[in-house]
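Coordinates from entry04.cif are shown below (mmCIF, N, CA and C atoms).
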```cif
data_run
#
loop_
_atom_site.label_atom_id
_atom_site.label_comp_id
_atom_site.auth_asym_id
_atom_site.auth_seq_id
_atom_site.Cartn_x
_atom_site.Cartn_y
_atom_site.Cartn_z
N MET A 690 -15.97 -6.94 53.24
CA MET A 690 -14.81 -6.10 53.30
C MET A 690 -13.57 -6.87 52.86
N VAL A 691 -13.39 -8.06 53.36
CA VAL A 691 -12.24 -8.88 52.98
C VAL A 691 -12.32 -9.20 51.49
N PHE A 692 -13.52 -9.50 51.03
CA PHE A 692 -13.72 -9.80 49.62
C PHE A 692 -13.32 -8.61 48.75
N GLU A 693 -13.71 -7.42 49.17
CA GLU A 693 -13.36 -6.23 48.41
C GLU A 693 -11.85 -6.02 48.37
N GLU A 694 -11.17 -6.29 49.49
CA GLU A 694 -9.72 -6.17 49.52
C GLU A 694 -9.07 -7.17 48.57
N LYS A 695 -9.59 -8.39 48.52
CA LYS A 695 -9.05 -9.39 47.60
C LYS A 695 -9.28 -8.97 46.16
N MET A 696 -10.44 -8.37 45.90
CA MET A 696 -10.73 -7.90 44.54
C MET A 696 -9.73 -6.82 44.14
N ILE A 697 -9.42 -5.94 45.07
CA ILE A 697 -8.49 -4.86 44.78
C ILE A 697 -7.09 -5.42 44.56
N LEU A 698 -6.67 -6.35 45.39
CA LEU A 698 -5.34 -6.92 45.27
C LEU A 698 -5.19 -7.87 44.09
N ASN A 699 -6.18 -8.71 43.87
CA ASN A 699 -6.06 -9.74 42.84
C ASN A 699 -6.79 -9.41 41.55
N GLY A 700 -7.76 -8.58 41.63
CA GLY A 700 -8.50 -8.22 40.44
C GLY A 700 -9.71 -9.10 40.18
N GLU A 701 -9.79 -10.27 40.83
CA GLU A 701 -10.97 -11.13 40.68
C GLU A 701 -11.06 -12.05 41.89
N PRO A 702 -12.26 -12.60 42.15
CA PRO A 702 -12.42 -13.45 43.33
C PRO A 702 -11.62 -14.75 43.20
N GLU A 703 -11.26 -15.30 44.36
CA GLU A 703 -10.48 -16.53 44.39
C GLU A 703 -11.35 -17.73 44.06
N ASP A 704 -10.75 -18.70 43.42
CA ASP A 704 -11.32 -20.03 43.24
C ASP A 704 -12.76 -20.03 42.70
N GLU A 705 -12.95 -19.42 41.57
CA GLU A 705 -14.27 -19.43 40.95
C GLU A 705 -14.68 -20.86 40.61
N GLU A 706 -13.72 -21.70 40.24
CA GLU A 706 -14.03 -23.08 39.90
C GLU A 706 -14.57 -23.84 41.11
N GLU A 707 -14.03 -23.59 42.30
CA GLU A 707 -14.52 -24.25 43.50
C GLU A 707 -15.96 -23.86 43.78
N GLU A 708 -16.32 -22.61 43.55
CA GLU A 708 -17.68 -22.16 43.76
C GLU A 708 -18.62 -22.89 42.81
N GLU A 709 -18.23 -23.07 41.56
CA GLU A 709 -19.07 -23.77 40.59
C GLU A 709 -19.25 -25.23 40.99
N GLU A 710 -18.18 -25.87 41.47
CA GLU A 710 -18.27 -27.26 41.89
C GLU A 710 -19.22 -27.41 43.07
N GLU A 711 -19.18 -26.47 44.00
CA GLU A 711 -20.07 -26.53 45.16
C GLU A 711 -21.52 -26.43 44.71
N GLU A 712 -21.80 -25.59 43.75
CA GLU A 712 -23.16 -25.44 43.25
C GLU A 712 -23.64 -26.72 42.58
N GLU A 713 -22.77 -27.41 41.87
CA GLU A 713 -23.15 -28.64 41.19
C GLU A 713 -23.48 -29.74 42.19
N ASP A 714 -22.89 -29.72 43.37
CA ASP A 714 -23.12 -30.75 44.37
C ASP A 714 -24.50 -30.64 45.02
N MET A 715 -25.12 -29.49 44.90
CA MET A 715 -26.42 -29.30 45.52
C MET A 715 -27.47 -30.15 44.80
N VAL A 716 -28.33 -30.81 45.58
CA VAL A 716 -29.37 -31.65 45.03
C VAL A 716 -30.71 -31.15 45.55
N ASP A 717 -31.64 -30.99 44.65
CA ASP A 717 -32.98 -30.54 45.03
C ASP A 717 -33.67 -31.67 45.79
N PRO A 718 -34.09 -31.43 47.03
CA PRO A 718 -34.75 -32.47 47.81
C PRO A 718 -36.03 -32.98 47.15
N LEU A 719 -36.71 -32.12 46.41
CA LEU A 719 -37.93 -32.55 45.72
C LEU A 719 -37.60 -33.61 44.67
N ASP A 720 -36.49 -33.45 43.96
CA ASP A 720 -36.08 -34.46 42.98
C ASP A 720 -35.80 -35.79 43.65
N THR A 721 -35.20 -35.75 44.83
CA THR A 721 -34.90 -36.97 45.57
C THR A 721 -36.19 -37.69 45.97
N VAL A 722 -37.16 -36.95 46.47
CA VAL A 722 -38.44 -37.55 46.87
C VAL A 722 -39.17 -38.08 45.64
N ARG A 723 -39.14 -37.33 44.54
CA ARG A 723 -39.79 -37.79 43.31
C ARG A 723 -39.18 -39.11 42.83
N ASP A 724 -37.86 -39.21 42.87
CA ASP A 724 -37.19 -40.44 42.45
C ASP A 724 -37.60 -41.61 43.33
N LYS A 725 -37.67 -41.39 44.64
CA LYS A 725 -38.08 -42.46 45.55
C LYS A 725 -39.52 -42.87 45.29
N CYS A 726 -40.38 -41.88 45.08
CA CYS A 726 -41.79 -42.18 44.83
C CYS A 726 -41.99 -42.89 43.49
N ALA A 727 -41.17 -42.57 42.51
CA ALA A 727 -41.29 -43.23 41.21
C ALA A 727 -41.02 -44.72 41.32
N GLN A 728 -40.35 -45.13 42.40
CA GLN A 728 -40.05 -46.55 42.63
C GLN A 728 -41.13 -47.24 43.46
N ALA A 729 -42.12 -46.50 43.93
CA ALA A 729 -43.20 -47.10 44.71
C ALA A 729 -44.05 -48.00 43.83
N GLU A 730 -44.70 -48.98 44.45
CA GLU A 730 -45.44 -50.01 43.70
C GLU A 730 -46.45 -49.43 42.72
N HIS A 731 -47.28 -48.51 43.18
CA HIS A 731 -48.30 -47.95 42.31
C HIS A 731 -47.67 -47.15 41.16
N CYS A 732 -46.61 -46.45 41.46
CA CYS A 732 -45.95 -45.65 40.43
C CYS A 732 -45.27 -46.55 39.40
N ILE A 733 -44.72 -47.66 39.85
CA ILE A 733 -44.09 -48.61 38.91
C ILE A 733 -45.14 -49.13 37.94
N HIS A 734 -46.33 -49.40 38.45
CA HIS A 734 -47.43 -49.89 37.61
C HIS A 734 -47.83 -48.86 36.56
N THR A 735 -47.99 -47.61 36.98
CA THR A 735 -48.40 -46.57 36.02
C THR A 735 -47.26 -46.23 35.07
N ARG A 736 -46.01 -46.31 35.54
CA ARG A 736 -44.87 -46.06 34.66
C ARG A 736 -44.77 -47.16 33.59
N ALA A 737 -45.05 -48.39 33.97
CA ALA A 737 -45.03 -49.50 33.01
C ALA A 737 -46.07 -49.28 31.92
N LYS A 738 -47.25 -48.82 32.31
CA LYS A 738 -48.29 -48.52 31.31
C LYS A 738 -47.82 -47.40 30.37
N LEU A 739 -47.17 -46.38 30.93
CA LEU A 739 -46.65 -45.28 30.13
C LEU A 739 -45.59 -45.78 29.16
N GLU A 740 -44.67 -46.59 29.63
CA GLU A 740 -43.60 -47.11 28.77
C GLU A 740 -44.16 -48.02 27.68
N ASP A 741 -45.18 -48.83 28.01
CA ASP A 741 -45.83 -49.67 26.99
C ASP A 741 -46.46 -48.81 25.91
N CYS A 742 -47.14 -47.75 26.34
CA CYS A 742 -47.77 -46.84 25.38
C CYS A 742 -46.71 -46.17 24.50
N GLU A 743 -45.64 -45.70 25.12
CA GLU A 743 -44.58 -45.04 24.35
C GLU A 743 -43.96 -45.99 23.33
N SER A 744 -43.78 -47.23 23.70
CA SER A 744 -43.23 -48.23 22.77
C SER A 744 -44.19 -48.47 21.62
N ARG A 745 -45.46 -48.60 21.96
CA ARG A 745 -46.49 -48.85 20.94
C ARG A 745 -46.56 -47.67 19.95
N VAL A 746 -46.58 -46.46 20.48
CA VAL A 746 -46.70 -45.27 19.63
C VAL A 746 -45.45 -45.08 18.77
N SER A 747 -44.28 -45.28 19.36
CA SER A 747 -43.05 -45.06 18.59
C SER A 747 -42.82 -46.15 17.55
N SER A 748 -43.47 -47.30 17.69
CA SER A 748 -43.29 -48.36 16.70
C SER A 748 -44.14 -48.14 15.45
N LYS A 749 -45.11 -47.23 15.53
CA LYS A 749 -45.98 -46.95 14.39
C LYS A 749 -45.48 -45.73 13.64
N SER A 750 -45.54 -45.80 12.31
CA SER A 750 -45.08 -44.66 11.53
C SER A 750 -46.11 -43.54 11.53
N GLU A 751 -47.38 -43.89 11.50
CA GLU A 751 -48.43 -42.87 11.55
C GLU A 751 -49.49 -43.32 12.55
N THR A 752 -49.74 -42.49 13.54
CA THR A 752 -50.79 -42.80 14.51
C THR A 752 -51.29 -41.50 15.14
N ALA A 753 -52.55 -41.52 15.48
CA ALA A 753 -53.15 -40.37 16.18
C ALA A 753 -53.04 -40.56 17.68
N GLU A 754 -52.61 -41.75 18.09
CA GLU A 754 -52.51 -42.05 19.52
C GLU A 754 -51.33 -41.29 20.14
N ASP A 755 -51.56 -40.80 21.35
CA ASP A 755 -50.46 -40.27 22.14
C ASP A 755 -50.60 -40.86 23.54
N CYS A 756 -49.68 -40.57 24.39
CA CYS A 756 -49.65 -41.19 25.71
C CYS A 756 -49.96 -40.18 26.81
N THR A 757 -50.76 -39.20 26.49
CA THR A 757 -51.08 -38.15 27.45
C THR A 757 -51.75 -38.71 28.70
N GLU A 758 -52.74 -39.56 28.51
CA GLU A 758 -53.47 -40.12 29.65
C GLU A 758 -52.53 -40.93 30.55
N GLU A 759 -51.67 -41.74 29.95
CA GLU A 759 -50.74 -42.56 30.73
C GLU A 759 -49.71 -41.69 31.46
N LEU A 760 -49.28 -40.62 30.80
CA LEU A 760 -48.34 -39.69 31.43
C LEU A 760 -48.99 -39.02 32.63
N PHE A 761 -50.21 -38.54 32.46
CA PHE A 761 -50.91 -37.88 33.56
C PHE A 761 -51.17 -38.85 34.71
N ASP A 762 -51.50 -40.11 34.39
CA ASP A 762 -51.72 -41.10 35.43
C ASP A 762 -50.44 -41.32 36.24
N PHE A 763 -49.30 -41.43 35.55
CA PHE A 763 -48.04 -41.62 36.24
C PHE A 763 -47.69 -40.41 37.10
N LEU A 764 -47.80 -39.21 36.52
CA LEU A 764 -47.46 -38.00 37.26
C LEU A 764 -48.38 -37.80 38.47
N HIS A 765 -49.65 -38.14 38.30
CA HIS A 765 -50.60 -38.04 39.40
C HIS A 765 -50.21 -38.98 40.54
N ALA A 766 -49.88 -40.22 40.19
CA ALA A 766 -49.49 -41.21 41.21
C ALA A 766 -48.20 -40.77 41.92
N ARG A 767 -47.23 -40.32 41.15
CA ARG A 767 -45.96 -39.89 41.74
C ARG A 767 -46.15 -38.67 42.63
N ASP A 768 -46.89 -37.67 42.15
CA ASP A 768 -47.09 -36.45 42.92
C ASP A 768 -47.94 -36.70 44.17
N HIS A 769 -48.86 -37.65 44.09
CA HIS A 769 -49.65 -38.02 45.27
C HIS A 769 -48.72 -38.59 46.34
N CYS A 770 -47.80 -39.44 45.93
CA CYS A 770 -46.81 -40.01 46.84
C CYS A 770 -45.92 -38.91 47.42
N VAL A 771 -45.46 -38.00 46.58
CA VAL A 771 -44.59 -36.91 47.03
C VAL A 771 -45.32 -36.06 48.07
N ALA A 772 -46.56 -35.71 47.79
CA ALA A 772 -47.33 -34.89 48.72
C ALA A 772 -47.49 -35.61 50.05
N HIS A 773 -47.75 -36.90 50.00
CA HIS A 773 -47.92 -37.69 51.22
C HIS A 773 -46.63 -37.69 52.03
N LYS A 774 -45.49 -37.88 51.37
CA LYS A 774 -44.21 -37.92 52.07
C LYS A 774 -43.83 -36.54 52.62
N VAL A 775 -44.03 -35.49 51.84
CA VAL A 775 -43.63 -34.16 52.26
C VAL A 775 -44.50 -33.64 53.39
N PHE A 776 -45.81 -33.77 53.24
CA PHE A 776 -46.70 -33.18 54.24
C PHE A 776 -46.78 -34.01 55.51
N HIS A 777 -46.54 -35.29 55.43
CA HIS A 777 -46.55 -36.11 56.65
C HIS A 777 -45.24 -36.01 57.40
N SER A 778 -44.18 -35.60 56.73
CA SER A 778 -42.90 -35.43 57.43
C SER A 778 -42.80 -34.08 58.12
N VAL A 779 -43.69 -33.15 57.77
CA VAL A 779 -43.68 -31.80 58.34
C VAL A 779 -44.25 -31.81 59.75
N LYS A 780 -45.19 -32.70 60.01
CA LYS A 780 -45.87 -32.74 61.31
C LYS A 780 -44.94 -32.93 62.45
#
```
Would you write out, as structure tokens, the structure that this file holds?
Amino acid sequence: MVFEEKMILNGEPEDEEEEEEEEEDMVDPLDTVRDKCAQAEHCIHTRAKLEDCESRVSSKSETAEDCTEELFDFLHARDHCVAHKVFHSVK
């Protein structure tokens, strides 16, 4: 009701920029857990393998090699860590 009165009086809602700033401050908790897990020992190892593969592939002008296996290994390790942290914190 108050909002409608402000719309009638002002023609538009107050402080649209403040609303946008508030939305930008929100952080997805899943992203936070993923970032923490990416720093875990096993994930660092699989990420290093992925980065080595990416460097090797990008240094070649023509290659059939891709880094799909290394990417999946890293994502699997990270997601395993995330699942462990999320589901064990629920108990």
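Coordinates place atom C of His734 (chain A) at a distance of 17.6 Å from atom N of Asp755 (chain A).
For the pair CA of Cys770 (chain A) and atom C of Arg736 (chain A), the separation is 15.2 Å.
The smallest atom-to-atom distance between Glu759 (chain A) and any of A:Val771, A:Glu713, A:Cys742, A:His731, using all atoms listed in the file, is found for A:Cys742.
Taking CA of Asp717 (chain A) and CA of Ala772 (chain A) as the two end points, the separation is 15.4 Å.
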Mind telling me what the PyMOL selection byres (((chain A and resi 756 and name CA) around 8) and name CA) catches here, as an MDAnalysis selection string?
chainID A and resid 739 742:743 746 754:755 757:760
Got a sec to tell me which of region 727-759 of chain A DSSP assigns to helix (DSSP H, G or I), as number ranges by chain?
A: 727, 730-748, 757-759
Please provide as a ChimeraX atom specification all residues within 7 Å of region 726-728 of chain A, with the sequence filter that same-chain residues fewer than 2 positions apart are discarded (counting all atoms listed in the file).
/A:721-724,730-733,766-767,770-771
Please report, as AutoDock Vina command-line options, the centre and edge lengths in Å to one decimal of an axis-aligned box covering all listed atoms of region 749-759 of chain A with 6 Å per side.
```
--center_x -49.3 --center_y -42.7 --center_z 21.5 --size_x 20.4 --size_y 21.1 --size_z 32.0
```
Can you give me all heavy atoms for region 765-776 of chain A, written as a PDB file, in the coordinates of the input?
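In the end it all went to result_0.pdb:
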```pdb
ATOM      1  N   HIS A 765     -49.650 -38.140  38.300  1.00  0.00           N
ATOM      2  CA  HIS A 765     -50.600 -38.040  39.400  1.00  0.00           C
ATOM      3  C   HIS A 765     -50.210 -38.980  40.540  1.00  0.00           C
ATOM      4  O   HIS A 765     -50.183 -38.584  41.707  1.00  0.00           O
ATOM      5  CB  HIS A 765     -52.018 -38.344  38.919  1.00  0.00           C
ATOM      6  CG  HIS A 765     -53.027 -38.356  40.009  1.00  0.00           C
ATOM      7  ND1 HIS A 765     -53.528 -37.205  40.572  1.00  0.00           N
ATOM      8  CD2 HIS A 765     -53.619 -39.377  40.671  1.00  0.00           C
ATOM      9  CE1 HIS A 765     -54.386 -37.521  41.520  1.00  0.00           C
ATOM     10  NE2 HIS A 765     -54.460 -38.846  41.602  1.00  0.00           N
ATOM     11  N   ALA A 766     -49.880 -40.220  40.190  1.00  0.00           N
ATOM     12  CA  ALA A 766     -49.490 -41.210  41.210  1.00  0.00           C
ATOM     13  C   ALA A 766     -48.200 -40.770  41.920  1.00  0.00           C
ATOM     14  O   ALA A 766     -48.104 -40.827  43.147  1.00  0.00           O
ATOM     15  CB  ALA A 766     -49.302 -42.580  40.567  1.00  0.00           C
ATOM     16  N   ARG A 767     -47.230 -40.320  41.150  1.00  0.00           N
ATOM     17  CA  ARG A 767     -45.960 -39.890  41.740  1.00  0.00           C
ATOM     18  C   ARG A 767     -46.150 -38.670  42.630  1.00  0.00           C
ATOM     19  O   ARG A 767     -45.661 -38.617  43.750  1.00  0.00           O
ATOM     20  CB  ARG A 767     -44.943 -39.588  40.644  1.00  0.00           C
ATOM     21  CG  ARG A 767     -43.551 -39.306  41.205  1.00  0.00           C
ATOM     22  CD  ARG A 767     -42.656 -38.658  40.235  1.00  0.00           C
ATOM     23  NE  ARG A 767     -43.197 -37.344  39.887  1.00  0.00           N
ATOM     24  CZ  ARG A 767     -42.706 -36.589  38.916  1.00  0.00           C
ATOM     25  NH1 ARG A 767     -41.703 -37.012  38.194  1.00  0.00           N
ATOM     26  NH2 ARG A 767     -43.238 -35.404  38.652  1.00  0.00           N
ATOM     27  N   ASP A 768     -46.890 -37.670  42.150  1.00  0.00           N
ATOM     28  CA  ASP A 768     -47.090 -36.450  42.920  1.00  0.00           C
ATOM     29  C   ASP A 768     -47.940 -36.700  44.170  1.00  0.00           C
ATOM     30  O   ASP A 768     -47.742 -36.057  45.194  1.00  0.00           O
ATOM     31  CB  ASP A 768     -47.703 -35.356  42.053  1.00  0.00           C
ATOM     32  CG  ASP A 768     -46.715 -34.833  41.015  1.00  0.00           C
ATOM     33  OD1 ASP A 768     -45.514 -35.126  41.144  1.00  0.00           O
ATOM     34  OD2 ASP A 768     -47.155 -34.136  40.085  1.00  0.00           O
ATOM     35  N   HIS A 769     -48.860 -37.650  44.090  1.00  0.00           N
ATOM     36  CA  HIS A 769     -49.650 -38.020  45.270  1.00  0.00           C
ATOM     37  C   HIS A 769     -48.720 -38.590  46.340  1.00  0.00           C
ATOM     38  O   HIS A 769     -48.815 -38.243  47.515  1.00  0.00           O
ATOM     39  CB  HIS A 769     -50.726 -39.040  44.893  1.00  0.00           C
ATOM     40  CG  HIS A 769     -51.558 -39.480  46.042  1.00  0.00           C
ATOM     41  ND1 HIS A 769     -52.570 -38.717  46.563  1.00  0.00           N
ATOM     42  CD2 HIS A 769     -51.518 -40.606  46.786  1.00  0.00           C
ATOM     43  CE1 HIS A 769     -53.118 -39.354  47.577  1.00  0.00           C
ATOM     44  NE2 HIS A 769     -52.499 -40.508  47.734  1.00  0.00           N
ATOM     45  N   CYS A 770     -47.800 -39.440  45.930  1.00  0.00           N
ATOM     46  CA  CYS A 770     -46.810 -40.010  46.840  1.00  0.00           C
ATOM     47  C   CYS A 770     -45.920 -38.910  47.420  1.00  0.00           C
ATOM     48  O   CYS A 770     -45.662 -38.886  48.627  1.00  0.00           O
ATOM     49  CB  CYS A 770     -45.968 -41.049  46.100  1.00  0.00           C
ATOM     50  SG  CYS A 770     -44.561 -41.678  47.027  1.00  0.00           S
ATOM     51  N   VAL A 771     -45.460 -38.000  46.580  1.00  0.00           N
ATOM     52  CA  VAL A 771     -44.590 -36.910  47.030  1.00  0.00           C
ATOM     53  C   VAL A 771     -45.320 -36.060  48.070  1.00  0.00           C
ATOM     54  O   VAL A 771     -44.772 -35.750  49.129  1.00  0.00           O
ATOM     55  CB  VAL A 771     -44.136 -36.030  45.844  1.00  0.00           C
ATOM     56  CG1 VAL A 771     -43.487 -34.740  46.330  1.00  0.00           C
ATOM     57  CG2 VAL A 771     -43.175 -36.803  44.948  1.00  0.00           C
ATOM     58  N   ALA A 772     -46.560 -35.710  47.790  1.00  0.00           N
ATOM     59  CA  ALA A 772     -47.330 -34.890  48.720  1.00  0.00           C
ATOM     60  C   ALA A 772     -47.490 -35.610  50.050  1.00  0.00           C
ATOM     61  O   ALA A 772     -47.364 -35.002  51.117  1.00  0.00           O
ATOM     62  CB  ALA A 772     -48.694 -34.553  48.133  1.00  0.00           C
ATOM     63  N   HIS A 773     -47.750 -36.900  50.000  1.00  0.00           N
ATOM     64  CA  HIS A 773     -47.920 -37.690  51.220  1.00  0.00           C
ATOM     65  C   HIS A 773     -46.630 -37.690  52.030  1.00  0.00           C
ATOM     66  O   HIS A 773     -46.647 -37.493  53.238  1.00  0.00           O
ATOM     67  CB  HIS A 773     -48.322 -39.119  50.848  1.00  0.00           C
ATOM     68  CG  HIS A 773     -48.585 -39.983  52.029  1.00  0.00           C
ATOM     69  ND1 HIS A 773     -49.713 -39.869  52.805  1.00  0.00           N
ATOM     70  CD2 HIS A 773     -47.858 -40.968  52.566  1.00  0.00           C
ATOM     71  CE1 HIS A 773     -49.661 -40.748  53.790  1.00  0.00           C
ATOM     72  NE2 HIS A 773     -48.553 -41.442  53.662  1.00  0.00           N
ATOM     73  N   LYS A 774     -45.490 -37.880  51.370  1.00  0.00           N
ATOM     74  CA  LYS A 774     -44.210 -37.920  52.070  1.00  0.00           C
ATOM     75  C   LYS A 774     -43.830 -36.540  52.620  1.00  0.00           C
ATOM     76  O   LYS A 774     -43.357 -36.425  53.743  1.00  0.00           O
ATOM     77  CB  LYS A 774     -43.094 -38.430  51.154  1.00  0.00           C
ATOM     78  CG  LYS A 774     -43.202 -39.907  50.871  1.00  0.00           C
ATOM     79  CD  LYS A 774     -41.997 -40.380  50.122  1.00  0.00           C
ATOM     80  CE  LYS A 774     -42.070 -41.848  49.810  1.00  0.00           C
ATOM     81  NZ  LYS A 774     -41.988 -42.713  50.961  1.00  0.00           N
ATOM     82  N   VAL A 775     -44.030 -35.490  51.840  1.00  0.00           N
ATOM     83  CA  VAL A 775     -43.630 -34.160  52.260  1.00  0.00           C
ATOM     84  C   VAL A 775     -44.500 -33.640  53.390  1.00  0.00           C
ATOM     85  O   VAL A 775     -44.002 -33.168  54.405  1.00  0.00           O
ATOM     86  CB  VAL A 775     -43.655 -33.167  51.060  1.00  0.00           C
ATOM     87  CG1 VAL A 775     -43.477 -31.739  51.536  1.00  0.00           C
ATOM     88  CG2 VAL A 775     -42.583 -33.540  50.060  1.00  0.00           C
ATOM     89  N   PHE A 776     -45.810 -33.770  53.240  1.00  0.00           N
ATOM     90  CA  PHE A 776     -46.700 -33.180  54.240  1.00  0.00           C
ATOM     91  C   PHE A 776     -46.780 -34.010  55.510  1.00  0.00           C
ATOM     92  O   PHE A 776     -47.049 -33.477  56.576  1.00  0.00           O
ATOM     93  CB  PHE A 776     -48.083 -32.921  53.653  1.00  0.00           C
ATOM     94  CG  PHE A 776     -48.067 -31.802  52.653  1.00  0.00           C
ATOM     95  CD1 PHE A 776     -48.330 -32.038  51.308  1.00  0.00           C
ATOM     96  CD2 PHE A 776     -47.764 -30.517  53.038  1.00  0.00           C
ATOM     97  CE1 PHE A 776     -48.288 -31.012  50.387  1.00  0.00           C
ATOM     98  CE2 PHE A 776     -47.719 -29.468  52.124  1.00  0.00           C
ATOM     99  CZ  PHE A 776     -47.998 -29.729  50.800  1.00  0.00           C
TER     100      PHE A 776
END
```
